[in-house]
>>> print(open('start-v9.pdb').read())   # PDB, C-alpha atoms
MODEL        1
ATOM      1  CA  ARG A   1      16.541  -2.374   2.086
ATOM      2  CA  GLY A   2      13.059  -2.474   3.152
ATOM      3  CA  LEU A   3      10.380  -0.611   3.652
ATOM      4  CA  PRO A   4       8.404   2.430   4.157
ATOM      5  CA  ALA A   5       5.304   2.753   5.958
ATOM      6  CA  PRO A   6       2.580   0.370   5.187
ATOM      7  CA  GLY A   7      -0.199   2.834   5.906
ATOM      8  CA  THR A   8       1.380   5.882   4.329
ATOM      9  CA  HIS A   9       1.931   7.101   0.781
ATOM     10  CA  THR A  10       5.430   8.425   0.572
ATOM     11  CA  ASN A  11       8.639   8.221  -1.330
ATOM     12  CA  ALA A  12      11.418   6.665   0.661
ATOM     13  CA  PRO A  13      14.837   7.356   0.532
ATOM     14  CA  HIS A  14      17.818   5.187   0.352
ATOM     15  CA  MET A  15      20.324   6.758   2.713
ATOM     16  CA  GLY A  16      23.857   7.668   2.161
ATOM     17  CA  GLY A  17      25.926   7.509   5.290
ATOM     18  CA  PHE A  18      26.873  10.392   7.473
ATOM     19  CA  ASN A  19      28.198  11.446  10.846
ATOM     20  CA  GLY A  20      31.461   9.814   9.892
ATOM     21  CA  LEU A  21      29.998   6.333   9.965
ATOM     22  CA  PRO A  22      30.190   3.895   7.056
ATOM     23  CA  PRO A  23      27.451   4.244   4.455
ATOM     24  CA  PRO A  24      24.722   1.621   4.255
ATOM     25  CA  ARG A  25      25.837  -1.557   2.563
ATOM     26  CA  ALA A  26      25.126  -1.599  -1.131
ATOM     27  CA  VAL A  27      22.746  -4.206  -2.459
ATOM     28  CA  ARG A  28      23.960  -6.375  -5.308
ATOM     29  CA  ALA A  29      23.102  -5.245  -8.806
ATOM     30  CA  VAL A  30      20.256  -7.480  -9.824
ATOM     31  CA  GLY A  31      19.559  -8.562 -13.347
ATOM     32  CA  ALA A  32      17.090  -5.780 -13.900
ATOM     33  CA  ALA A  33      19.621  -3.163 -12.870
ATOM     34  CA  ALA A  34      22.256  -4.603 -15.141
ATOM     35  CA  ALA A  35      19.977  -4.447 -18.146
ATOM     36  CA  ALA A  36      17.562  -1.592 -17.739
ATOM     37  CA  PRO A  37      14.573  -1.751 -20.086
ATOM     38  CA  PRO A  38      13.944   0.967 -22.661
ATOM     39  CA  GLY A  39      12.825   4.215 -21.104
ATOM     40  CA  GLY A  40      15.263   4.171 -18.199
ATOM     41  CA  SER A  41      14.583   4.476 -14.499
ATOM     42  CA  GLU A  42      11.208   6.164 -14.981
ATOM     43  CA  THR A  43       9.741   2.812 -16.053
ATOM     44  CA  ARG A  44      10.951   0.954 -12.974
ATOM     45  CA  VAL A  45       9.657   0.859  -9.418
ATOM     46  CA  TYR A  46      11.223  -0.286  -6.175
ATOM     47  CA  VAL A  47       9.035  -2.474  -3.962
ATOM     48  CA  GLY A  48       9.728  -2.754  -0.246
ATOM     49  CA  ASN A  49       8.434  -4.742   2.719
ATOM     50  CA  LEU A  50       8.103  -7.940   0.703
ATOM     51  CA  SER A  51       7.527 -11.218   2.448
ATOM     52  CA  TRP A  52      10.525 -13.540   2.418
ATOM     53  CA  HIS A  53       8.299 -15.996   0.583
ATOM     54  CA  THR A  54       7.440 -13.662  -2.296
ATOM     55  CA  SER A  55       8.862 -14.915  -5.608
ATOM     56  CA  TRP A  56       9.614 -12.873  -8.723
ATOM     57  CA  GLN A  57       6.604 -14.514 -10.354
ATOM     58  CA  SER A  58       4.142 -13.522  -7.639
ATOM     59  CA  LEU A  59       5.663 -10.030  -7.616
ATOM     60  CA  LYS A  60       5.194  -9.781 -11.376
ATOM     61  CA  ASP A  61       1.643 -11.103 -11.214
ATOM     62  CA  HIS A  62       0.700  -8.615  -8.506
ATOM     63  CA  PHE A  63       2.024  -5.640 -10.468
ATOM     64  CA  ARG A  64       0.270  -6.604 -13.688
ATOM     65  CA  GLN A  65      -2.722  -4.757 -12.227
ATOM     66  CA  ALA A  66      -0.914  -1.496 -13.071
ATOM     67  CA  GLY A  67       0.245  -2.303 -16.606
ATOM     68  CA  GLU A  68       2.518  -4.419 -18.755
ATOM     69  CA  VAL A  69       5.339  -5.811 -16.614
ATOM     70  CA  VAL A  70       8.458  -6.532 -18.667
ATOM     71  CA  HIS A  71      10.643  -7.676 -15.767
ATOM     72  CA  ALA A  72      10.405  -8.394 -12.048
ATOM     73  CA  ASP A  73      13.103  -9.431  -9.622
ATOM     74  CA  VAL A  74      13.353 -10.071  -5.888
ATOM     75  CA  MET A  75      16.697  -9.009  -4.429
ATOM     76  CA  GLN A  76      18.613 -11.744  -2.680
ATOM     77  CA  HIS A  77      21.710 -12.244  -0.594
ATOM     78  CA  ASP A  78      23.245 -15.705  -0.353
ATOM     79  CA  GLY A  79      20.072 -17.104  -1.906
ATOM     80  CA  ARG A  80      17.773 -15.482   0.633
ATOM     81  CA  SER A  81      15.302 -12.691  -0.082
ATOM     82  CA  LYS A  82      16.215  -9.254   1.228
ATOM     83  CA  GLY A  83      12.546  -8.254   1.437
ATOM     84  CA  CYS A  84      12.568  -5.913  -1.548
ATOM     85  CA  GLY A  85      12.493  -6.038  -5.334
ATOM     86  CA  ILE A  86      12.298  -4.231  -8.673
ATOM     87  CA  VAL A  87       9.493  -4.199 -11.227
ATOM     88  CA  ALA A  88      10.007  -2.790 -14.738
ATOM     89  CA  PHE A  89       7.062  -1.643 -16.836
ATOM     90  CA  ALA A  90       6.727  -1.010 -20.543
ATOM     91  CA  THR A  91       6.013   2.701 -20.011
ATOM     92  CA  ALA A  92       6.650   5.407 -17.448
ATOM     93  CA  GLN A  93       2.895   5.950 -17.144
ATOM     94  CA  GLU A  94       2.396   2.363 -16.017
ATOM     95  CA  ALA A  95       5.199   2.718 -13.464
ATOM     96  CA  ALA A  96       3.566   5.884 -12.114
ATOM     97  CA  ASN A  97       0.247   4.053 -11.964
ATOM     98  CA  ALA A  98       1.860   1.275  -9.908
ATOM     99  CA  ILE A  99       3.232   3.814  -7.431
ATOM    100  CA  ALA A 100      -0.162   5.506  -7.155
ATOM    101  CA  THR A 101      -2.321   2.381  -6.890
ATOM    102  CA  LEU A 102      -0.259  -0.494  -5.487
ATOM    103  CA  GLY A 103       1.485   1.165  -2.565
ATOM    104  CA  GLU A 104      -0.006  -0.091   0.705
ATOM    105  CA  THR A 105      -1.592  -3.121  -0.969
ATOM    106  CA  GLU A 106      -1.091  -6.558   0.501
ATOM    107  CA  LEU A 107       1.125  -9.199  -1.092
ATOM    108  CA  ASP A 108       1.770 -12.533   0.591
ATOM    109  CA  GLY A 109       0.577 -11.207   3.931
ATOM    110  CA  ARG A 110       2.627  -7.987   4.039
ATOM    111  CA  THR A 111       1.648  -4.409   3.205
ATOM    112  CA  ILE A 112       4.097  -3.395   0.498
ATOM    113  CA  PHE A 113       5.666  -0.037  -0.282
ATOM    114  CA  VAL A 114       6.170   1.176  -3.856
ATOM    115  CA  ARG A 115       8.296   4.060  -5.105
ATOM    116  CA  GLU A 116      10.269   5.042  -8.209
ATOM    117  CA  ASP A 117      13.553   3.200  -8.705
ATOM    118  CA  ARG A 118      16.220   5.834  -8.957
ATOM    119  CA  GLU A 119      19.244   3.590  -9.433
ATOM    120  CA  ALA A 120      18.353   1.697 -12.575
ATOM    121  CA  ALA A 121      21.604   2.091 -14.422
ATOM    122  CA  ALA A 122      23.989   1.087 -11.661
ATOM    123  CA  PRO A 123      24.344  -1.316  -8.745
ATOM    124  CA  ARG A 124      22.221  -0.202  -5.835
ATOM    125  CA  GLY A 125      23.862   1.723  -3.048
ATOM    126  CA  LEU A 126      25.840   4.957  -3.104
ATOM    127  CA  PRO A 127      26.972   6.338  -6.452
ATOM    128  CA  ALA A 128      30.524   5.745  -7.562
ATOM    129  CA  PRO A 129      33.030   8.243  -6.120
ATOM    130  CA  GLY A 130      33.068  11.454  -8.102
ATOM    131  CA  THR A 131      29.644  10.891  -9.647
ATOM    132  CA  ARG A 132      26.201  12.182  -8.845
ATOM    133  CA  ALA A 133      23.047  10.146  -8.822
ATOM    134  CA  PRO A 134      20.139  11.961 -10.482
ATOM    135  CA  ALA A 135      17.886  13.526  -7.900
ATOM    136  CA  PRO A 136      14.883  15.392  -9.265
ATOM    137  CA  ALA A 137      13.518  18.023  -6.918
ATOM    138  CA  GLY A 138      10.837  16.683  -4.645
ATOM    139  CA  LYS A 139      12.007  13.063  -4.895
ATOM    140  CA  PHE A 140      14.432  11.142  -2.731
ATOM    141  CA  TYR A 141      18.047  10.325  -3.244
ATOM    142  CA  GLY A 142      21.279   9.129  -1.837
ATOM    143  CA  GLY A 143      19.865   6.861   0.791
ATOM    144  CA  GLY A 144      16.770   7.933   2.273
ATOM    145  CA  LEU A 145      16.770  11.614   2.897
ATOM    146  CA  PRO A 146      14.730  13.936   0.734
ATOM    147  CA  ALA A 147      16.419  15.178  -2.400
ATOM    148  CA  PRO A 148      17.630  18.774  -2.432
ATOM    149  CA  ARG A 149      14.576  20.900  -2.981
ATOM    150  CA  SER A 150      14.506  23.819  -5.361
ATOM    151  CA  PRO A 151      15.558  27.160  -3.854
ATOM    152  CA  ALA A 152      11.931  28.218  -3.671
ATOM    153  CA  LEU A 153      11.159  25.257  -1.415
ATOM    154  CA  ALA A 154      14.443  24.612   0.302
ATOM    155  CA  GLY A 155      13.205  25.194   3.811
ATOM    156  CA  GLY A 156      15.856  26.927   5.843
ATOM    157  CA  ALA A 157      17.924  27.858   2.831
ATOM    158  CA  ALA A 158      15.212  29.668   0.914
ATOM    159  CA  ALA A 159      13.462  31.064   3.930
ATOM    160  CA  GLY A 160      16.456  33.146   4.907
ATOM    161  CA  GLY A 161      18.743  30.393   6.220
ATOM    162  CA  SER A 162      22.262  30.672   4.900
ATOM    163  CA  ARG A 163      23.669  27.601   6.676
ATOM    164  CA  VAL A 164      23.823  24.014   5.489
ATOM    165  CA  TYR A 165      24.453  20.807   7.372
ATOM    166  CA  VAL A 166      26.980  18.412   5.823
ATOM    167  CA  GLY A 167      26.929  14.726   6.759
ATOM    168  CA  ASN A 168      29.068  11.654   6.065
ATOM    169  CA  LEU A 169      32.325  13.562   6.341
ATOM    170  CA  SER A 170      35.575  11.673   6.593
ATOM    171  CA  TRP A 171      37.110  11.801  10.043
ATOM    172  CA  HIS A 172      40.119  13.389   8.350
ATOM    173  CA  THR A 173      38.196  16.299   6.803
ATOM    174  CA  SER A 174      39.255  19.637   8.294
ATOM    175  CA  TRP A 175      37.245  22.857   8.441
ATOM    176  CA  GLN A 176      39.568  24.270   5.783
ATOM    177  CA  SER A 177      38.989  21.446   3.280
ATOM    178  CA  LEU A 178      35.254  21.636   4.001
ATOM    179  CA  LYS A 179      35.271  25.374   3.342
ATOM    180  CA  ASP A 180      37.315  24.985   0.162
ATOM    181  CA  HIS A 181      34.954  22.311  -1.183
ATOM    182  CA  PHE A 182      31.849  24.437  -0.606
ATOM    183  CA  ARG A 183      33.305  27.530  -2.257
ATOM    184  CA  GLN A 184      32.049  25.978  -5.493
ATOM    185  CA  ALA A 185      28.534  27.033  -4.445
ATOM    186  CA  GLY A 186      29.236  30.589  -3.304
ATOM    187  CA  GLU A 187      30.933  32.760  -0.713
ATOM    188  CA  VAL A 188      31.612  30.723   2.428
ATOM    189  CA  VAL A 189      31.771  32.912   5.523
ATOM    190  CA  HIS A 190      32.313  30.088   8.002
ATOM    191  CA  ALA A 191      32.844  26.336   8.052
ATOM    192  CA  ASP A 192      33.116  24.060  11.038
ATOM    193  CA  VAL A 193      33.551  20.319  11.610
ATOM    194  CA  MET A 194      31.686  19.122  14.682
ATOM    195  CA  GLN A 195      33.841  17.379  17.262
ATOM    196  CA  HIS A 196      33.509  15.372  20.444
ATOM    197  CA  ASP A 197      36.508  15.044  22.753
ATOM    198  CA  GLY A 198      38.684  16.465  19.994
ATOM    199  CA  ARG A 199      37.577  13.919  17.415
ATOM    200  CA  SER A 200      35.431  14.620  14.351
ATOM    201  CA  LYS A 201      31.798  13.530  14.576
ATOM    202  CA  GLY A 202      31.665  13.116  10.794
ATOM    203  CA  CYS A 203      29.468  16.133  10.146
ATOM    204  CA  GLY A 204      29.766  19.870   9.903
ATOM    205  CA  ILE A 205      28.165  23.238   9.196
ATOM    206  CA  VAL A 206      28.879  25.633   6.340
ATOM    207  CA  ALA A 207      27.585  29.204   6.432
ATOM    208  CA  PHE A 208      27.199  31.176   3.215
ATOM    209  CA  ALA A 209      26.841  34.888   2.600
ATOM    210  CA  THR A 210      23.321  34.441   1.199
ATOM    211  CA  ALA A 211      20.427  32.003   1.368
ATOM    212  CA  GLN A 212      20.614  31.583  -2.400
ATOM    213  CA  GLU A 213      24.180  30.294  -2.131
ATOM    214  CA  ALA A 214      23.143  27.874   0.594
ATOM    215  CA  ALA A 215      20.331  26.583  -1.625
ATOM    216  CA  ASN A 216      22.829  26.226  -4.476
ATOM    217  CA  ALA A 217      25.089  24.132  -2.240
ATOM    218  CA  ILE A 218      22.200  21.821  -1.342
ATOM    219  CA  ALA A 219      21.256  21.443  -4.998
ATOM    220  CA  THR A 220      24.759  20.915  -6.412
ATOM    221  CA  LEU A 221      27.066  19.491  -3.753
ATOM    222  CA  GLY A 222      24.926  16.709  -2.281
ATOM    223  CA  GLU A 223      26.410  13.307  -3.182
ATOM    224  CA  THR A 224      29.730  14.777  -4.280
ATOM    225  CA  GLU A 225      32.954  13.278  -2.983
ATOM    226  CA  LEU A 226      35.118  14.899  -0.326
ATOM    227  CA  ASP A 227      38.152  13.143   1.114
ATOM    228  CA  GLY A 228      36.953   9.785  -0.188
ATOM    229  CA  ARG A 229      33.392   9.930   1.144
ATOM    230  CA  THR A 230      30.120  10.756  -0.603
ATOM    231  CA  ILE A 231      28.715  13.629   1.419
ATOM    232  CA  PHE A 232      25.125  14.583   2.212
ATOM    233  CA  VAL A 233      24.022  18.226   2.236
ATOM    234  CA  ARG A 234      20.792  19.723   3.586
ATOM    235  CA  GLU A 235      19.574  22.933   5.208
ATOM    236  CA  ASP A 236      20.734  23.370   8.789
ATOM    237  CA  ARG A 237      17.524  22.835  10.740
ATOM    238  CA  GLU A 238      19.206  23.481  14.076
ATOM    239  CA  ALA A 239      19.719  27.097  13.027
ATOM    240  CA  ALA A 240      15.995  27.880  13.293
ATOM    241  CA  PRO A 241      15.030  29.973  16.356
ATOM    242  CA  PRO A 242      13.123  28.269  19.182
ATOM    243  CA  THR A 243       9.337  28.366  19.121
ATOM    244  CA  ALA A 244       7.941  31.506  20.696
ATOM    245  CA  GLY A 245       7.301  31.062  24.391
ATOM    246  CA  SER A 246       9.235  27.804  24.587
ATOM    247  CA  GLY A 247      12.362  29.269  26.130
ATOM    248  CA  GLY A 248      14.399  27.289  23.644
ATOM    249  CA  ARG A 249      12.829  23.982  24.639
ATOM    250  CA  ALA A 250       9.319  22.795  23.851
ATOM    251  CA  ARG A 251       7.121  22.271  26.869
ATOM    252  CA  ALA A 252       5.893  18.824  27.744
ATOM    253  CA  GLY A 253       3.062  17.852  25.477
ATOM    254  CA  THR A 254       4.166  20.247  22.727
ATOM    255  CA  VAL A 255       7.429  18.615  21.697
ATOM    256  CA  GLN A 256       8.382  19.423  18.124
ATOM    257  CA  THR A 257       9.364  16.109  16.486
ATOM    258  CA  SER A 258      10.147  17.340  12.979
ATOM    259  CA  GLY A 259      13.426  15.776  11.917
ATOM    260  CA  CYS A 260      13.821  13.906  15.203
ATOM    261  CA  GLN A 261      11.675  10.877  14.398
ATOM    262  CA  VAL A 262      12.595   7.975  12.142
ATOM    263  CA  TYR A 263      10.438   5.369  10.474
ATOM    264  CA  VAL A 264      11.604   1.757  10.803
ATOM    265  CA  GLY A 265      10.293  -0.699   8.223
ATOM    266  CA  ASN A 266      10.432  -4.465   7.670
ATOM    267  CA  LEU A 267      10.325  -5.277  11.377
ATOM    268  CA  PRO A 268       9.658  -8.854  12.464
ATOM    269  CA  TYR A 269       6.073  -9.205  13.635
ATOM    270  CA  THR A 270       7.371 -10.264  17.066
ATOM    271  CA  THR A 271       9.236  -7.003  17.739
ATOM    272  CA  SER A 272       7.990  -5.048  20.767
ATOM    273  CA  TRP A 273       8.307  -1.306  21.314
ATOM    274  CA  LYS A 274      10.788  -2.021  24.122
ATOM    275  CA  GLU A 275      13.069  -4.071  21.871
ATOM    276  CA  LEU A 276      12.881  -1.363  19.228
ATOM    277  CA  LYS A 277      13.755   1.343  21.752
ATOM    278  CA  ASP A 278      16.643  -0.624  23.234
ATOM    279  CA  HIS A 279      18.069  -1.403  19.800
ATOM    280  CA  PHE A 280      18.105   2.265  18.749
ATOM    281  CA  LYS A 281      19.660   3.613  21.965
ATOM    282  CA  VAL A 282      23.041   3.152  20.314
ATOM    283  CA  ALA A 283      22.313   6.213  18.172
ATOM    284  CA  GLY A 284      21.334   8.563  20.999
ATOM    285  CA  ASN A 285      18.621   9.543  23.440
ATOM    286  CA  VAL A 286      15.436   7.683  22.489
ATOM    287  CA  THR A 287      12.462   9.511  23.965
ATOM    288  CA  HIS A 288       9.765   7.296  22.467
ATOM    289  CA  ALA A 289       9.421   4.147  20.365
ATOM    290  CA  ASP A 290       6.313   2.573  18.958
ATOM    291  CA  VAL A 291       5.395  -0.459  16.836
ATOM    292  CA  ALA A 292       2.311   0.066  14.666
ATOM    293  CA  GLN A 293      -0.508  -2.405  15.302
ATOM    294  CA  ASP A 294      -3.729  -3.325  13.572
ATOM    295  CA  GLY A 295      -7.143  -3.337  15.232
ATOM    296  CA  GLY A 296      -6.470  -6.779  16.659
ATOM    297  CA  GLY A 297      -3.268  -5.731  18.381
ATOM    298  CA  LYS A 298      -1.018  -7.472  15.840
ATOM    299  CA  SER A 299       2.152  -5.762  14.616
ATOM    300  CA  ARG A 300       1.975  -4.264  11.132
ATOM    301  CA  GLY A 301       5.715  -4.737  10.600
ATOM    302  CA  PHE A 302       6.852  -1.144  11.052
ATOM    303  CA  GLY A 303       7.338   1.440  13.757
ATOM    304  CA  THR A 304       8.759   4.817  14.740
ATOM    305  CA  VAL A 305      11.561   5.951  17.013
ATOM    306  CA  LEU A 306      11.745   9.500  18.386
ATOM    307  CA  PHE A 307      15.124  10.975  19.337
ATOM    308  CA  GLY A 308      16.082  14.025  21.331
ATOM    309  CA  SER A 309      17.672  15.762  18.342
ATOM    310  CA  THR A 310      17.774  15.692  14.566
ATOM    311  CA  ARG A 311      21.408  14.699  14.628
ATOM    312  CA  GLU A 312      20.661  11.611  16.711
ATOM    313  CA  ALA A 313      17.911  10.693  14.264
ATOM    314  CA  ALA A 314      20.315  11.166  11.375
ATOM    315  CA  LYS A 315      22.885   9.006  13.143
ATOM    316  CA  ALA A 316      20.295   6.264  13.613
ATOM    317  CA  ILE A 317      19.535   6.310   9.899
ATOM    318  CA  GLN A 318      23.213   5.973   9.111
ATOM    319  CA  ILE A 319      23.852   3.169  11.588
ATOM    320  CA  PHE A 320      20.730   1.083  11.145
ATOM    321  CA  ASN A 321      19.442   1.551   7.599
ATOM    322  CA  GLU A 322      19.838  -1.810   5.803
ATOM    323  CA  SER A 323      21.134  -3.473   8.955
ATOM    324  CA  GLU A 324      19.835  -6.809  10.203
ATOM    325  CA  PHE A 325      17.447  -6.934  13.116
ATOM    326  CA  HIS A 326      16.206 -10.310  14.345
ATOM    327  CA  GLY A 327      16.738 -11.873  10.918
ATOM    328  CA  ARG A 328      15.243  -9.095   8.774
ATOM    329  CA  THR A 329      16.961  -6.284   6.866
ATOM    330  CA  ILE A 330      15.301  -3.167   8.237
ATOM    331  CA  GLU A 331      14.899   0.206   6.572
ATOM    332  CA  VAL A 332      15.355   3.360   8.591
ATOM    333  CA  ARG A 333      14.457   6.758   7.145
ATOM    334  CA  PRO A 334      13.058  10.118   8.253
ATOM    335  CA  ASP A 335       9.437   9.921   9.359
ATOM    336  CA  GLN A 336       7.709  12.454   7.127
ATOM    337  CA  TYR A 337       4.571  12.466   9.223
ATOM    338  CA  SER A 338       6.164  13.419  12.519
TER     339      SER A 338
ENDMDL
END
>>> encode(input="start-v9.pdb", output="structure tokens")
Amino acid sequence: RGLPAPGTHTNAPHMGGFNGLPPPRAVRAVGAAAAAPPGGSETRVYVGNLSWHTSWQSLKDHFRQAGEVVHADVMQHDGRSKGCGIVAFATAQEAANAIATLGETELDGRTIFVREDREAAAPRGLPAPGTRAPAPAGKFYGGGLPAPRSPALAGGAAAGGSRVYVGNLSWHTSWQSLKDHFRQAGEVVHADVMQHDGRSKGCGIVAFATAQEAANAIATLGETELDGRTIFVREDREAAPPTAGSGGRARAGTVQTSGCQVYVGNLPYTTSWKELKDHFKVAGNVTHADVAQDGGGKSRGFGTVLFGSTREAAKAIQIFNESEFHGRTIEVRPDQYS
């Protein structure tokens, strides 16, 4: 798991898989998750970008600045830190204070990331088949992408868009089963499973009769199960018309990166932009890669990768989130500041 941008204040998602690829590997249920303190998930925070040397005690001591810490744990695999942890507070107010004040602070030489822990009552990873993880509007869910926003804010859906993008489809899902599943949200006028050389790409598009129905689908059908896979649903951003005067393609120097750029956290300090770019080429056309540096030219442990399309960016998130890169478990999520 790891680690949103040292240098930005943002909630980070934990991604569910899509594009037909396997979902990110689930992290073991740590002691804190198995026995959530009174008050539930609102009293717990997730901490990313931890140093491998950070212990539960130093984590606990650091977070005492925000309030009474009742439990702290560093996630491990085979006895080795995964670079992230959980801190439980006595009250939700203290947890909120930790998110507001301790994000982007330094602990054991690394700039940490702090967000709410949304998976307190179950092992981390995707929810069990047939269940839905809670996803309050405006927060993040299911693995790293933003939670379904309310109809009033749901981007393409509320602004007149009646199409939704569906990710993490089974390769066996047909357009008919996709259409039937989404009829729960409203009148489906068209459904399509994207293919390449006659084979499903693991994602599809569903068009509704109204924008309200599309927004309902985003709000209610994200993280539901279809043909054995937990699907992801969002507004179809590719449906938006090209920028005026662009001829369908942004001119050089005015490239629109929204949705095409991913943030990569928990990078080894030795990683170069070239290594980062080469590593992410598996997901698609990488047009730019960068490793953030401090004033002295030293890596800050995170970077960004820009793809040619939103779908390639989404594929990169699915493939690389929680994967190992040069000995560290990296986090890959949408770059909100692109």
>>> residues_near_point(input="start-v9.pdb", point="(31.4, 29.4, 5.8)", cutoff="6 Å", atoms="only C-alpha atoms", output="list in words")
Val188, Val189, His190, Ala191, Val206, Ala207 and Phe208 of chain A
>>> atom_distance(input="start-v9.pdb", atom1="atom CA of A:Val291", atom2="atom CA of A:Phe232")
28.8 Å
>>> atom_distance(input="start-v9.pdb", atom1="atom CA of A:Val305", atom2="atom CA of A:Gly222")
25.8 Å
>>> residues_around(input="start-v9.pdb", residues="A:Trp171", least_positions_apart="4", cutoff="8 Å", atoms="all atoms listed in the file", output="JSON, numbers by chain")
{"A": [20, 199, 200, 201, 202]}
>>> atom_distance(input="start-v9.pdb", atom1="atom CA of A:Leu102", atom2="atom CA of A:Phe320")
26.8 Å
>>> resolve_selection(input="start-v9.pdb", expression="the PyMOL selection byres ((chain A and resi 75) around 6)", output="MDAnalysis selection string")
chainID A and resid 74 76 81:82 84:85
>>> closest_residue(input="start-v9.pdb", among="A:Ala98, A:Ile319, A:Val69, A:Ala92", to="A:Phe113", atoms="all atoms listed in the file")
A:Ala98
>>> resolve_selection(input="start-v9.pdb", expression="the PyMOL selection byres ((chain A and resi 43) around 6)", output="JSON list (two decimals) with C-alpha atoms, in the frame of the given file")
[["chain", "number", "residue", "atom", "x", "y", "z"],
["A", 41, "SER", "CA", 14.58, 4.48, -14.50],
["A", 42, "GLU", "CA", 11.21, 6.16, -14.98],
["A", 44, "ARG", "CA", 10.95, 0.95, -12.97],
["A", 88, "ALA", "CA", 10.01, -2.79, -14.74],
["A", 89, "PHE", "CA", 7.06, -1.64, -16.84],
["A", 91, "THR", "CA", 6.01, 2.70, -20.01],
["A", 92, "ALA", "CA", 6.65, 5.41, -17.45],
["A", 95, "ALA", "CA", 5.20, 2.72, -13.46]]
>>> resolve_selection(input="start-v9.pdb", expression="the PyMOL selection byres ((chain A and resi 334) around 6)", output="ChimeraX atom specification")
/A:262-263,333,335-336
>>> residues_around(input="start-v9.pdb", residues="A:Gly301", least_positions_apart="6", cutoff="9 Å", atoms="all atoms listed in the file", output="list in words")
Ala5, Pro6, Asn49, Arg110, Thr111, Val264, Gly265, Asn266, Leu267, Pro268, Tyr269, Thr270, Thr271, Val291, Ala292 and Gln293 of chain A
>>> closest_residue(input="start-v9.pdb", among="A:Asp294, A:Glu106, A:Glu94, A:Asp236", to="A:Ala215", atoms="only C-alpha atoms")
A:Asp236
>>> closest_residue(input="start-v9.pdb", among="A:Thr210, A:Asn168, A:Arg300, A:Gly228", to="A:Gly109", atoms="only C-alpha atoms")
A:Arg300
>>> axis_aligned_box(input="start-v9.pdb", around="stretch 292-306 of chain A", padding_each_side="4 Å", output="lines of an AutoDock Vina configuration file")
center_x = 2.3
center_y = 1.0
center_z = 14.5
size_x = 26.9
size_y = 25.0
size_z = 15.8
>>> decode(input="start-v9.pdb", residues="stretch 207-221 of chain A", atoms="N, CA and C atoms", output="compact mmCIF listing (two decimals), in the first residue's frame")
# COMPACT_ATOMS: atom_id res chain seq x y z
N ALA A 207 -24.91 3.20 -21.27
CA ALA A 207 -25.60 4.47 -21.51
C ALA A 207 -27.02 4.38 -20.97
N PHE A 208 -27.41 5.39 -20.19
CA PHE A 208 -28.74 5.44 -19.62
C PHE A 208 -29.60 6.47 -20.35
N ALA A 209 -30.89 6.42 -20.08
CA ALA A 209 -31.81 7.36 -20.71
C ALA A 209 -31.63 8.77 -20.15
N THR A 210 -31.22 8.88 -18.89
CA THR A 210 -31.06 10.20 -18.27
C THR A 210 -29.76 10.27 -17.47
N ALA A 211 -29.32 11.50 -17.23
CA ALA A 211 -28.12 11.71 -16.41
C ALA A 211 -28.36 11.29 -14.97
N GLN A 212 -29.60 11.45 -14.51
CA GLN A 212 -29.92 11.07 -13.13
C GLN A 212 -29.74 9.57 -12.93
N GLU A 213 -30.13 8.78 -13.94
CA GLU A 213 -29.97 7.33 -13.84
C GLU A 213 -28.49 6.94 -13.86
N ALA A 214 -27.72 7.66 -14.65
CA ALA A 214 -26.28 7.40 -14.68
C ALA A 214 -25.65 7.69 -13.32
N ALA A 215 -26.06 8.81 -12.71
CA ALA A 215 -25.55 9.16 -11.39
C ALA A 215 -25.97 8.12 -10.36
N ASN A 216 -27.19 7.60 -10.50
CA ASN A 216 -27.67 6.55 -9.60
C ASN A 216 -26.82 5.29 -9.73
N ALA A 217 -26.44 4.96 -10.96
CA ALA A 217 -25.59 3.78 -11.18
C ALA A 217 -24.23 3.94 -10.51
N ILE A 218 -23.66 5.14 -10.63
CA ILE A 218 -22.36 5.41 -9.99
C ILE A 218 -22.47 5.27 -8.48
N ALA A 219 -23.58 5.79 -7.94
CA ALA A 219 -23.75 5.80 -6.48
C ALA A 219 -24.08 4.42 -5.91
N THR A 220 -24.77 3.57 -6.69
CA THR A 220 -25.28 2.32 -6.12
C THR A 220 -24.64 1.05 -6.62
N LEU A 221 -24.03 1.09 -7.80
CA LEU A 221 -23.51 -0.16 -8.38
C LEU A 221 -21.99 -0.29 -8.33
